[in-house]
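Structure data (TSV, C-alpha atoms) from structure.tsv:
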```tsv
chain	number	residue	atom	x	y	z
A	130	MET	CA	10.10	-13.58	44.64
A	131	SER	CA	8.39	-12.70	41.34
A	132	LYS	CA	9.16	-14.83	38.30
A	133	ILE	CA	7.98	-14.29	34.73
A	134	LYS	CA	8.93	-16.45	31.76
A	135	LEU	CA	8.54	-15.20	28.19
A	136	THR	CA	8.57	-18.19	25.86
A	137	ASN	CA	8.38	-19.02	22.16
A	138	GLY	CA	9.95	-15.73	21.10
A	139	ARG	CA	12.67	-14.39	18.85
A	140	VAL	CA	15.07	-12.64	21.20
A	141	ILE	CA	16.91	-9.57	19.87
A	142	THR	CA	20.37	-9.08	21.35
A	143	THR	CA	22.88	-6.42	20.36
A	144	GLN	CA	24.44	-8.88	17.90
A	145	ARG	CA	21.79	-11.29	16.64
A	146	ILE	CA	18.32	-12.81	16.87
A	147	ILE	CA	17.87	-16.03	18.84
A	148	SER	CA	14.95	-18.05	17.47
A	149	ASP	CA	12.52	-20.08	19.63
A	150	ALA	CA	13.99	-18.53	22.75
A	151	THR	CA	12.99	-17.89	26.35
A	152	VAL	CA	13.66	-14.98	28.69
A	153	LEU	CA	13.34	-15.53	32.43
A	154	ILE	CA	12.76	-12.53	34.72
A	155	VAL	CA	13.32	-12.90	38.46
A	156	ASP	CA	12.67	-10.03	40.85
A	157	ASN	CA	12.47	-7.49	37.99
A	158	LYS	CA	15.85	-8.43	36.54
A	159	ILE	CA	16.74	-10.58	33.54
A	160	SER	CA	17.82	-13.89	35.07
A	161	GLU	CA	18.38	-16.12	32.06
A	162	ILE	CA	18.15	-16.07	28.25
A	163	GLY	CA	18.41	-19.12	26.04
A	164	ALA	CA	17.16	-21.06	23.05
A	165	GLY	CA	14.29	-23.44	23.78
A	166	ASP	CA	12.60	-23.64	27.16
A	167	ILE	CA	14.05	-22.72	30.55
A	168	GLU	CA	12.84	-24.76	33.50
A	169	CYS	CA	11.19	-22.65	36.19
A	170	PRO	CA	8.07	-24.41	37.47
A	171	ASP	CA	6.73	-21.55	39.61
A	172	ALA	CA	7.10	-18.79	37.01
A	173	GLN	CA	4.23	-16.96	35.32
A	174	VAL	CA	4.45	-18.11	31.70
A	175	ILE	CA	3.69	-15.76	28.79
A	176	ASP	CA	3.75	-17.32	25.32
A	177	VAL	CA	4.61	-14.55	22.84
A	178	GLU	CA	3.65	-16.79	19.92
A	179	GLY	CA	6.76	-16.31	17.81
A	180	LYS	CA	6.93	-12.54	18.16
A	181	TYR	CA	10.12	-10.60	18.84
A	182	ILE	CA	11.33	-10.09	22.40
A	183	SER	CA	13.32	-6.88	22.32
A	184	PRO	CA	15.06	-4.55	24.74
A	185	GLY	CA	12.76	-1.70	25.66
A	186	PHE	CA	12.96	1.53	23.69
A	187	LEU	CA	14.69	4.56	25.25
A	188	ASP	CA	13.55	7.99	24.07
A	189	ILE	CA	16.06	10.60	25.24
A	190	HIS	CA	14.25	13.60	23.70
A	191	ILE	CA	10.49	13.84	24.17
A	192	HIS	CA	8.11	16.71	24.99
A	193	GLY	CA	4.72	15.05	25.31
A	194	GLY	CA	1.99	12.75	24.06
A	195	GLY	CA	-1.60	11.73	24.69
A	196	ASN	CA	-2.65	15.41	24.63
A	197	HIS	CA	-0.21	16.36	27.42
A	198	ASP	CA	3.10	18.25	27.53
A	199	PHE	CA	5.79	18.23	30.20
A	200	MET	CA	5.43	22.02	30.31
A	201	ASP	CA	1.73	21.83	31.24
A	202	GLY	CA	2.57	22.40	34.89
A	203	SER	CA	1.11	19.25	36.40
A	204	VAL	CA	2.23	15.88	37.71
A	205	ASP	CA	-0.69	14.29	35.90
A	206	ALA	CA	0.79	15.40	32.57
A	207	PHE	CA	4.07	13.64	33.33
A	208	LEU	CA	2.30	10.42	34.26
A	209	ALA	CA	-0.06	10.49	31.26
A	210	ILE	CA	2.81	10.99	28.82
A	211	ALA	CA	4.70	8.07	30.36
A	212	GLU	CA	1.65	5.83	30.05
A	213	THR	CA	0.91	6.93	26.48
A	214	HIS	CA	4.36	6.13	25.15
A	215	ALA	CA	4.61	2.83	27.02
A	216	LYS	CA	1.88	1.58	24.66
A	217	TYR	CA	4.32	2.14	21.79
A	218	GLY	CA	7.28	0.34	23.35
A	219	THR	CA	9.03	3.14	25.23
A	220	THR	CA	10.26	1.77	28.56
A	221	ALA	CA	12.37	4.78	29.56
A	222	MET	CA	12.43	8.44	28.56
A	223	VAL	CA	14.10	11.77	29.20
A	224	PRO	CA	11.33	14.40	29.58
A	225	THR	CA	12.23	17.56	27.69
A	226	THR	CA	11.40	21.22	28.27
A	227	LEU	CA	10.94	24.10	25.85
A	228	THR	CA	12.54	27.52	26.11
A	229	SER	CA	10.79	29.39	28.91
A	230	GLU	CA	11.16	31.75	31.84
A	231	LYS	CA	13.38	30.51	34.66
A	232	GLU	CA	10.43	30.21	37.04
A	233	ASN	CA	8.57	27.88	34.68
A	234	LEU	CA	11.72	25.83	34.25
A	235	LEU	CA	12.21	25.44	38.00
A	236	ASN	CA	8.56	24.53	38.45
A	237	THR	CA	8.81	21.82	35.76
A	238	LEU	CA	11.89	20.36	37.45
A	239	SER	CA	10.02	20.26	40.76
A	240	LEU	CA	7.06	18.52	39.15
A	241	TYR	CA	9.41	15.97	37.58
A	242	GLU	CA	10.75	15.01	40.97
A	243	GLU	CA	7.24	14.48	42.33
A	244	ALA	CA	6.09	12.53	39.27
A	245	ASN	CA	9.20	10.39	39.32
A	246	ARG	CA	8.42	9.25	42.86
A	247	ILE	CA	4.98	7.90	41.95
A	248	ASN	CA	5.37	6.85	38.32
A	249	SER	CA	4.54	3.12	38.17
A	250	LYS	CA	2.29	2.61	35.15
A	251	GLY	CA	4.35	4.02	32.30
A	252	SER	CA	7.82	4.59	30.89
A	253	GLN	CA	10.50	5.20	33.49
A	254	PHE	CA	11.96	8.71	33.77
A	255	LEU	CA	15.73	9.09	33.36
A	256	GLY	CA	16.18	12.73	34.33
A	257	MET	CA	15.21	15.98	32.60
A	258	HIS	CA	16.49	17.40	29.32
A	259	LEU	CA	16.52	21.19	29.23
A	260	GLU	CA	16.20	22.29	25.61
A	261	GLY	CA	17.15	25.95	25.74
A	262	PRO	CA	16.91	28.82	26.40
A	263	TYR	CA	20.50	29.37	25.17
A	264	PHE	CA	19.89	29.25	21.42
A	265	ALA	CA	20.69	31.11	18.20
A	266	MET	CA	17.69	33.21	17.28
A	267	ASN	CA	18.01	32.32	13.59
A	268	GLN	CA	17.71	28.62	14.40
A	269	ARG	CA	14.99	28.83	17.04
A	270	GLY	CA	12.42	26.80	15.06
A	271	ALA	CA	9.24	26.64	17.15
A	272	GLN	CA	11.02	27.78	20.34
A	273	ASP	CA	9.49	30.95	21.78
A	274	PRO	CA	11.77	33.89	20.82
A	275	ARG	CA	10.70	35.86	23.92
A	276	TYR	CA	12.80	33.62	26.14
A	277	ILE	CA	15.88	32.98	24.00
A	278	ARG	CA	19.04	34.38	25.55
A	279	ASN	CA	22.77	33.82	26.05
A	280	PRO	CA	24.08	31.58	28.83
A	281	ASP	CA	24.04	33.32	32.19
A	282	PRO	CA	26.17	31.68	34.92
A	283	LYS	CA	23.99	33.08	37.69
A	284	GLU	CA	20.95	31.54	36.08
A	285	TYR	CA	22.22	28.08	35.13
A	286	GLU	CA	24.20	27.64	38.34
A	287	GLU	CA	21.06	28.42	40.32
A	288	VAL	CA	18.95	26.00	38.26
A	289	ILE	CA	21.46	23.18	38.66
A	290	SER	CA	21.88	23.85	42.38
A	291	LYS	CA	18.13	23.59	42.95
A	292	SER	CA	17.58	20.29	41.13
A	293	SER	CA	19.48	17.04	40.90
A	294	CYS	CA	17.29	15.64	38.12
A	295	ILE	CA	18.90	17.37	35.11
A	296	SER	CA	20.56	14.75	32.94
A	297	ARG	CA	21.21	16.81	29.80
A	298	TRP	CA	21.06	20.38	28.53
A	299	SER	CA	21.03	21.55	24.89
A	300	ALA	CA	22.53	24.89	23.80
A	301	ALA	CA	24.10	26.74	20.88
A	302	PRO	CA	27.89	26.58	21.39
A	303	GLU	CA	28.75	29.74	19.44
A	304	LEU	CA	26.97	32.06	21.88
A	305	PRO	CA	29.02	34.15	24.33
A	306	GLY	CA	29.48	32.07	27.46
A	307	SER	CA	28.51	28.73	25.89
A	308	LEU	CA	31.96	27.16	26.22
A	309	GLU	CA	32.08	28.00	29.93
A	310	PHE	CA	28.55	26.61	30.18
A	311	GLY	CA	29.65	23.35	28.55
A	312	ARG	CA	32.53	22.98	30.98
A	313	TYR	CA	30.20	23.62	33.92
A	314	LEU	CA	27.79	20.96	32.69
A	315	ARG	CA	30.61	18.46	32.31
A	316	GLU	CA	31.89	19.21	35.82
A	317	ASN	CA	28.40	18.54	37.17
A	318	GLY	CA	27.90	15.28	35.29
A	319	ILE	CA	25.31	16.69	32.88
A	320	LEU	CA	25.35	15.79	29.18
A	321	ALA	CA	25.98	18.88	27.02
A	322	ALA	CA	24.35	18.82	23.59
A	323	ILE	CA	24.53	21.12	20.58
A	324	ALA	CA	21.18	22.46	19.37
A	325	HIS	CA	19.39	25.31	17.57
A	326	THR	CA	22.72	26.68	16.44
A	327	ASP	CA	24.50	28.56	13.65
A	328	ALA	CA	27.94	27.28	14.68
A	329	VAL	CA	30.61	26.41	12.12
A	330	TYR	CA	33.11	23.56	12.32
A	331	GLU	CA	35.77	25.50	14.21
A	332	GLU	CA	33.24	26.47	16.87
A	333	VAL	CA	31.98	22.90	17.13
A	334	VAL	CA	35.54	21.66	17.71
A	335	ASP	CA	35.92	24.17	20.53
A	336	ALA	CA	32.61	22.98	21.96
A	337	VAL	CA	33.58	19.31	21.84
A	338	GLU	CA	36.78	20.11	23.69
A	339	CYS	CA	34.66	21.79	26.39
A	340	GLY	CA	32.34	18.83	26.85
A	341	TYR	CA	29.63	18.95	24.18
A	342	SER	CA	29.23	15.44	22.78
A	343	LEU	CA	25.78	15.15	21.18
A	344	ALA	CA	24.07	16.81	18.22
A	345	THR	CA	20.41	17.37	19.12
A	346	HIS	CA	17.96	16.34	16.34
A	347	LEU	CA	20.51	16.32	13.50
A	348	TYR	CA	19.57	18.54	10.51
A	349	SER	CA	16.76	20.25	12.46
A	350	GLY	CA	17.56	23.70	13.85
A	351	MET	CA	21.24	23.71	12.94
A	352	SER	CA	23.66	25.04	10.37
A	353	GLY	CA	24.90	23.30	7.26
A	354	VAL	CA	27.44	24.53	4.73
A	355	THR	CA	27.47	28.33	4.72
A	356	ARG	CA	29.44	31.20	3.18
A	357	ARG	CA	31.19	33.98	5.03
A	358	ASN	CA	33.06	36.56	2.99
A	359	ALA	CA	32.90	34.23	-0.03
A	360	HIS	CA	34.51	31.34	1.87
A	361	ARG	CA	32.66	28.13	2.57
A	362	TYR	CA	32.40	26.87	6.14
A	363	ALA	CA	31.21	23.52	7.37
A	364	GLY	CA	28.23	23.77	9.72
A	365	VAL	CA	27.11	21.61	12.62
A	366	ILE	CA	25.69	18.97	10.28
A	367	GLU	CA	29.01	18.40	8.54
A	368	SER	CA	30.86	18.67	11.86
A	369	ALA	CA	28.76	15.86	13.33
A	370	PHE	CA	29.74	13.69	10.37
A	371	ILE	CA	33.43	14.60	10.56
A	372	ILE	CA	33.88	14.18	14.31
A	373	ASP	CA	33.72	10.44	14.88
A	374	SER	CA	33.22	10.74	18.63
A	375	MET	CA	30.08	12.88	18.31
A	376	ASP	CA	26.73	11.17	18.86
A	377	VAL	CA	23.66	12.31	16.95
A	378	GLU	CA	19.91	12.27	17.49
A	379	VAL	CA	17.61	11.45	14.58
A	380	ILE	CA	13.88	12.18	14.33
A	381	ALA	CA	13.14	9.17	12.14
A	382	ASP	CA	9.49	10.00	11.51
A	383	GLY	CA	10.14	9.96	7.76
A	384	ILE	CA	8.98	13.58	7.50
A	385	HIS	CA	11.49	15.71	9.40
A	386	LEU	CA	14.09	13.50	7.72
A	387	PRO	CA	12.94	11.59	4.62
A	388	ALA	CA	14.52	8.33	3.50
A	389	PRO	CA	17.68	9.68	1.76
A	390	PHE	CA	18.71	11.59	4.90
A	391	LEU	CA	18.08	8.57	7.13
A	392	ARG	CA	20.25	6.45	4.85
A	393	LEU	CA	23.01	9.06	4.75
A	394	ILE	CA	23.18	9.47	8.52
A	395	TYR	CA	23.17	5.70	9.04
A	396	LYS	CA	25.89	5.22	6.43
A	397	ILE	CA	28.20	7.80	8.00
A	398	LYS	CA	27.54	7.49	11.74
A	399	GLY	CA	26.41	3.89	12.11
A	400	PRO	CA	24.10	2.42	14.77
A	401	ASP	CA	26.53	2.91	17.65
A	402	ARG	CA	26.43	6.71	17.30
A	403	ILE	CA	22.76	7.26	16.40
A	404	ALA	CA	19.95	7.65	18.93
A	405	LEU	CA	16.47	7.58	17.44
A	406	ILE	CA	14.22	10.14	19.15
A	407	THR	CA	10.56	11.00	18.81
A	408	ASP	CA	10.94	14.67	19.85
A	409	ALA	CA	7.19	14.17	20.26
A	410	MET	CA	4.82	16.92	21.34
A	411	ARG	CA	1.37	16.47	22.91
A	412	GLY	CA	-0.13	15.27	19.62
A	413	ALA	CA	1.68	11.92	19.73
A	414	GLY	CA	-0.87	9.15	20.06
A	415	MET	CA	-3.67	11.57	19.16
A	416	PRO	CA	-5.82	11.90	16.00
A	417	PRO	CA	-5.17	14.64	13.40
A	418	GLY	CA	-6.50	18.12	14.08
A	419	GLU	CA	-5.70	21.22	16.10
A	420	SER	CA	-3.22	20.96	18.96
A	421	ILE	CA	-0.81	23.05	21.04
A	422	LEU	CA	2.96	23.02	21.21
A	423	GLY	CA	4.13	23.60	24.78
A	424	ASN	CA	1.98	24.67	27.72
A	425	LYS	CA	-1.72	23.94	27.19
A	426	ASP	CA	-2.70	27.49	28.16
A	427	SER	CA	0.08	29.59	26.65
A	428	GLY	CA	1.63	27.40	23.98
A	429	LEU	CA	1.70	27.73	20.20
A	430	LYS	CA	-1.37	26.59	18.25
A	431	VAL	CA	-0.48	23.98	15.61
A	432	ILE	CA	-2.19	21.61	13.19
A	433	ILE	CA	-1.52	17.87	13.13
A	434	GLU	CA	-1.83	16.38	9.67
A	435	GLU	CA	0.09	13.94	7.48
A	436	GLY	CA	1.87	12.52	10.50
A	437	VAL	CA	3.47	15.76	11.72
A	438	ALA	CA	2.61	18.99	13.56
A	439	LYS	CA	2.66	22.12	11.38
A	440	LEU	CA	2.37	25.84	11.96
A	441	PRO	CA	-1.19	27.09	11.29
A	442	ASP	CA	-0.12	28.63	7.96
A	443	ARG	CA	1.58	25.32	7.04
A	444	THR	CA	4.85	27.08	6.19
A	445	ALA	CA	6.95	24.89	8.51
A	446	PHE	CA	6.88	21.87	10.78
A	447	ALA	CA	6.12	22.69	14.41
A	448	GLY	CA	6.92	19.38	16.02
A	449	SER	CA	6.90	15.62	15.80
A	450	VAL	CA	4.02	13.33	16.71
A	451	ALA	CA	6.08	10.16	16.30
A	452	THR	CA	6.15	7.20	18.65
A	453	ALA	CA	9.11	4.88	19.17
A	454	ASP	CA	7.65	1.96	17.20
A	455	ARG	CA	7.29	4.24	14.17
A	456	LEU	CA	10.96	5.22	14.36
A	457	VAL	CA	12.16	1.62	14.34
A	458	ARG	CA	9.74	0.71	11.56
A	459	ASN	CA	10.91	3.63	9.42
A	460	MET	CA	14.60	2.82	9.79
A	461	ILE	CA	13.86	-0.69	8.54
A	462	GLU	CA	11.44	0.21	5.77
A	463	LEU	CA	12.81	3.58	4.61
A	464	ALA	CA	16.52	3.29	5.34
A	465	ASP	CA	16.98	-0.46	4.76
A	466	VAL	CA	18.53	-0.93	8.21
A	467	PRO	CA	18.62	-4.48	9.66
A	468	LEU	CA	16.21	-5.06	12.56
A	469	VAL	CA	18.98	-5.67	15.10
A	470	GLU	CA	20.63	-2.34	14.28
A	471	ALA	CA	17.35	-0.41	14.15
A	472	VAL	CA	16.57	-1.68	17.66
A	473	LYS	CA	20.10	-0.82	18.80
A	474	MET	CA	19.53	2.83	17.85
A	475	MET	CA	16.38	2.84	20.00
A	476	SER	CA	17.87	1.00	22.97
A	477	ILE	CA	21.54	0.45	23.82
A	478	THR	CA	22.90	3.49	21.96
A	479	PRO	CA	20.64	6.06	23.67
A	480	ALA	CA	21.20	4.19	26.95
A	481	ARG	CA	24.96	4.68	26.56
A	482	ILE	CA	24.57	8.34	25.62
A	483	VAL	CA	22.66	9.16	28.82
A	484	GLY	CA	24.82	6.85	30.94
A	485	VAL	CA	22.40	4.07	31.90
A	486	ASP	CA	23.73	1.28	29.68
A	487	SER	CA	25.04	-0.71	32.64
A	488	ASN	CA	21.43	-1.46	33.63
A	489	LYS	CA	19.35	-0.76	30.53
A	490	GLY	CA	19.36	-0.87	26.75
A	491	SER	CA	19.96	-4.55	26.03
A	492	LEU	CA	18.74	-8.00	27.01
A	493	MET	CA	21.52	-9.28	29.24
A	494	VAL	CA	21.50	-11.29	32.44
A	495	GLY	CA	21.49	-8.96	35.44
A	496	LYS	CA	20.03	-5.94	33.62
A	497	ASP	CA	16.64	-4.37	34.34
A	498	ALA	CA	13.78	-6.27	32.73
A	499	ASP	CA	12.83	-3.48	30.31
A	500	ILE	CA	11.29	-5.48	27.49
A	501	VAL	CA	8.99	-4.92	24.54
A	502	VAL	CA	7.26	-7.59	22.43
A	503	PHE	CA	6.36	-6.79	18.82
A	504	ASP	CA	5.60	-8.45	15.48
A	505	GLU	CA	7.16	-8.17	12.01
A	506	LYS	CA	5.61	-4.74	11.48
A	507	ILE	CA	6.79	-3.45	14.90
A	508	ASN	CA	3.25	-3.47	16.25
A	509	ILE	CA	3.59	-3.48	20.04
A	510	PHE	CA	1.95	-6.31	22.00
A	511	MET	CA	3.58	-5.95	25.41
A	512	THR	CA	5.74	-3.47	27.31
A	513	MET	CA	7.54	-4.35	30.52
A	514	VAL	CA	9.26	-1.71	32.67
A	515	ASN	CA	11.57	-2.96	35.42
A	516	GLY	CA	9.87	-6.34	35.32
A	517	ASN	CA	6.35	-4.90	35.58
A	518	ILE	CA	3.94	-5.29	32.67
A	519	VAL	CA	2.57	-1.79	31.95
A	520	TYR	CA	0.94	-2.64	28.60
A	521	LYS	CA	-0.28	-5.95	27.23
A	522	ASN	CA	-2.24	-6.93	24.13
A	523	LEU	CA	-1.25	-10.59	23.77
```

Can you dump the structure from the file as structure tokens?
Amino acid sequence: MSKIKLTNGRVITTQRIISDATVLIVDNKISEIGAGDIECPDAQVIDVEGKYISPGFLDIHIHGGGNHDFMDGSVDAFLAIAETHAKYGTTAMVPTTLTSEKENLLNTLSLYEEANRINSKGSQFLGMHLEGPYFAMNQRGAQDPRYIRNPDPKEYEEVISKSSCISRWSAAPELPGSLEFGRYLRENGILAAIAHTDAVYEEVVDAVECGYSLATHLYSGMSGVTRRNAHRYAGVIESAFIIDSMDVEVIADGIHLPAPFLRLIYKIKGPDRIALITDAMRGAGMPPGESILGNKDSGLKVIIEEGVAKLPDRTAFAGSVATADRLVRNMIELADVPLVEAVKMMSITPARIVGVDSNKGSLMVGKDADIVVFDEKINIFMTMVNGNIVYKNL
């Protein structure tokens, strides 16, 4: 029986911060939490020296990091990305694809299953997120236009039948066949999300009624207020604000969404409906310079500078290089969000969205010991995944 005791910490719960507190982990589960010391003579004791003891960060939309991408076509890429982001507090993640040919998609799903079996040194995998290929061409962003298409039942039914690891799928709900696609995802227990879309409010309402419940990277790759025949229509952005039940993702790198947008989203949606995401590409955790979005051999060349990936001509962003600690730090420093609520948007809220909140996302007795230790500036000193220390700098 393994026992680890984290002492002399400030424990972050979903409601408050407990000062001078202890967390006891027994057999990879949280066994006890309390102020002061907890008697357990045979436990390994780790003094966190007054730092915060927080639930681990869950990133439900991530493409890569450490100079690797999930579309690279190798198990090693999956494992390296998981290890890279564990250093920044991510204890669980949902690996995300880019728009591609069906064969590449099926190969990536197969590699996920292999990597998931042997992943022990990094963030835990929580299923795959398929981002595309069913998108609006006008809102494709950095997605490869060669592979963008309308939902095809023969295609998505085959993909889902061949893999049980798909946890979410993002699509544009206004496309022909997208409502049927949403219903099929719901019937198969897969989260349907709205992304890279020109939909208006009426189309979003139809989508929500068919099972779509999440707005993928709010503001990025989606419609806002638009005019059609002189009449104004609310876009997906406004729809996400209007529909209380809709969850939203936020790339809180401070660049994709600067401070006023972060404050606005927080004010309207609140911490229980916002999931902070890195949407990170391979450049996360890497120095500035040239990089590649997507597959290392066939992906799009980009430039990393000023904390973001840009197209070579610098006319648009090409991807995020954020890490989870940066997201939490920015919500506190740029959006004036209290620490407890900033952590909630990086832990229990994304855990609920992807359906793992019964075991993850908060420090509660009986839950998985997914824990991160950080200081006032959200500098990470330790990351624990399922009771195993995968990163330590204490």

For the contact check between region 226-344 of chain A and region 468-482 of chain A, emit one row per residue of region 226-344 of chain A within 10 Å, containing the shortest atom pair and the distance in Å rounded to one decimal, counting all atoms listed in the file, chain then rising number order, as a Markdown table.
```
| residue | atom | partner | partner_atom | distance |
| --- | --- | --- | --- | --- |
| A:Leu255 | CA | A:Ala480 | CA | 9.7 |
| A:Leu320 | CA | A:Ile482 | CA | 8.3 |
| A:Ser342 | CA | A:Ile482 | CA | 9.0 |
| A:Leu343 | CA | A:Ile482 | CA | 8.2 |
```

Residues near region 290-305 of chain A, anyone? I mean within 9 Å using only C-alpha atoms, not counting same-chain ones fewer than 4 positions away, as a PyMOL selection string. chain A and resi 223+235+238-239+241-242+255-265+279-280+285-286+309-311+314+318-329+332-333+335-336+341+343-345+351+483

Sorted by chain and rising residue number, list the residues of region 205-276 of chain A at most 10 Å from region 513-521 of chain A (counting only C-alpha atoms), each with its closest atom pair and distance in Å to one decimal, as JSON lines.
```
{"residue": "A:Glu212", "atom": "CA", "partner": "A:Val519", "partner_atom": "CA", "distance": 7.9}
{"residue": "A:Thr213", "atom": "CA", "partner": "A:Tyr520", "partner_atom": "CA", "distance": 9.8}
{"residue": "A:Ala215", "atom": "CA", "partner": "A:Tyr520", "partner_atom": "CA", "distance": 6.8}
{"residue": "A:Lys216", "atom": "CA", "partner": "A:Tyr520", "partner_atom": "CA", "distance": 5.8}
{"residue": "A:Tyr217", "atom": "CA", "partner": "A:Tyr520", "partner_atom": "CA", "distance": 9.0}
{"residue": "A:Gly218", "atom": "CA", "partner": "A:Met513", "partner_atom": "CA", "distance": 8.6}
{"residue": "A:Thr219", "atom": "CA", "partner": "A:Val514", "partner_atom": "CA", "distance": 8.9}
{"residue": "A:Thr220", "atom": "CA", "partner": "A:Val514", "partner_atom": "CA", "distance": 5.5}
{"residue": "A:Ala221", "atom": "CA", "partner": "A:Val514", "partner_atom": "CA", "distance": 7.8}
{"residue": "A:Ser249", "atom": "CA", "partner": "A:Val519", "partner_atom": "CA", "distance": 8.2}
{"residue": "A:Lys250", "atom": "CA", "partner": "A:Val519", "partner_atom": "CA", "distance": 5.4}
{"residue": "A:Gly251", "atom": "CA", "partner": "A:Val519", "partner_atom": "CA", "distance": 6.1}
{"residue": "A:Ser252", "atom": "CA", "partner": "A:Val514", "partner_atom": "CA", "distance": 6.7}
{"residue": "A:Gln253", "atom": "CA", "partner": "A:Val514", "partner_atom": "CA", "distance": 7.1}
```

Nearest residue to Ile141 (chain A) out of A:Ser229, A:Ala413, A:Asn236, A:Pro184, using all atoms listed in the file? A:Pro184

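Each of A:Val334, A:Ile210, A:Ile509, A:Val450 was checked against Ser374 (chain A) using all atoms listed in the file; the smallest atom-to-atom distance is that of A:Val334.
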
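For the pair CA of Leu347 (chain A) and CA of Gly202 (chain A), the separation is 28.6 Å.
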
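Distance annotation: of A:Met375, A:Met200, A:Met410, A:Met222, the residue with the minimal separation from Thr237 (chain A) is A:Met200; atom set is all atoms listed in the file.
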
Protein/DNA/RNA residues near (34.9, 20.2, 12.7), cut 7 Å, only C-alpha atoms, as a PDB file with C-alpha atoms, in the coordinates of the input:
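The resulting file, part.pdb, is shown below:
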```
ATOM      1  CA  TYR A 330      33.110  23.560  12.320  1.00  0.00           C
ATOM      2  CA  GLU A 331      35.770  25.500  14.210  1.00  0.00           C
ATOM      3  CA  VAL A 333      31.980  22.900  17.130  1.00  0.00           C
ATOM      4  CA  VAL A 334      35.540  21.660  17.710  1.00  0.00           C
ATOM      5  CA  SER A 368      30.860  18.670  11.860  1.00  0.00           C
ATOM      6  CA  ILE A 371      33.430  14.600  10.560  1.00  0.00           C
ATOM      7  CA  ILE A 372      33.880  14.180  14.310  1.00  0.00           C
TER       8      ILE A 372
END
```

note - CA of Ala206 (chain A) and CA of Arg269 (chain A) are separated by 25.0 Å

Selection: 8 Å around Gly163 (chain A), only C-alpha atoms, excl. self and same-chain fewer than 6 positions, as a list in words: Ile147, Ala150, Thr151 and Val152 of chain A
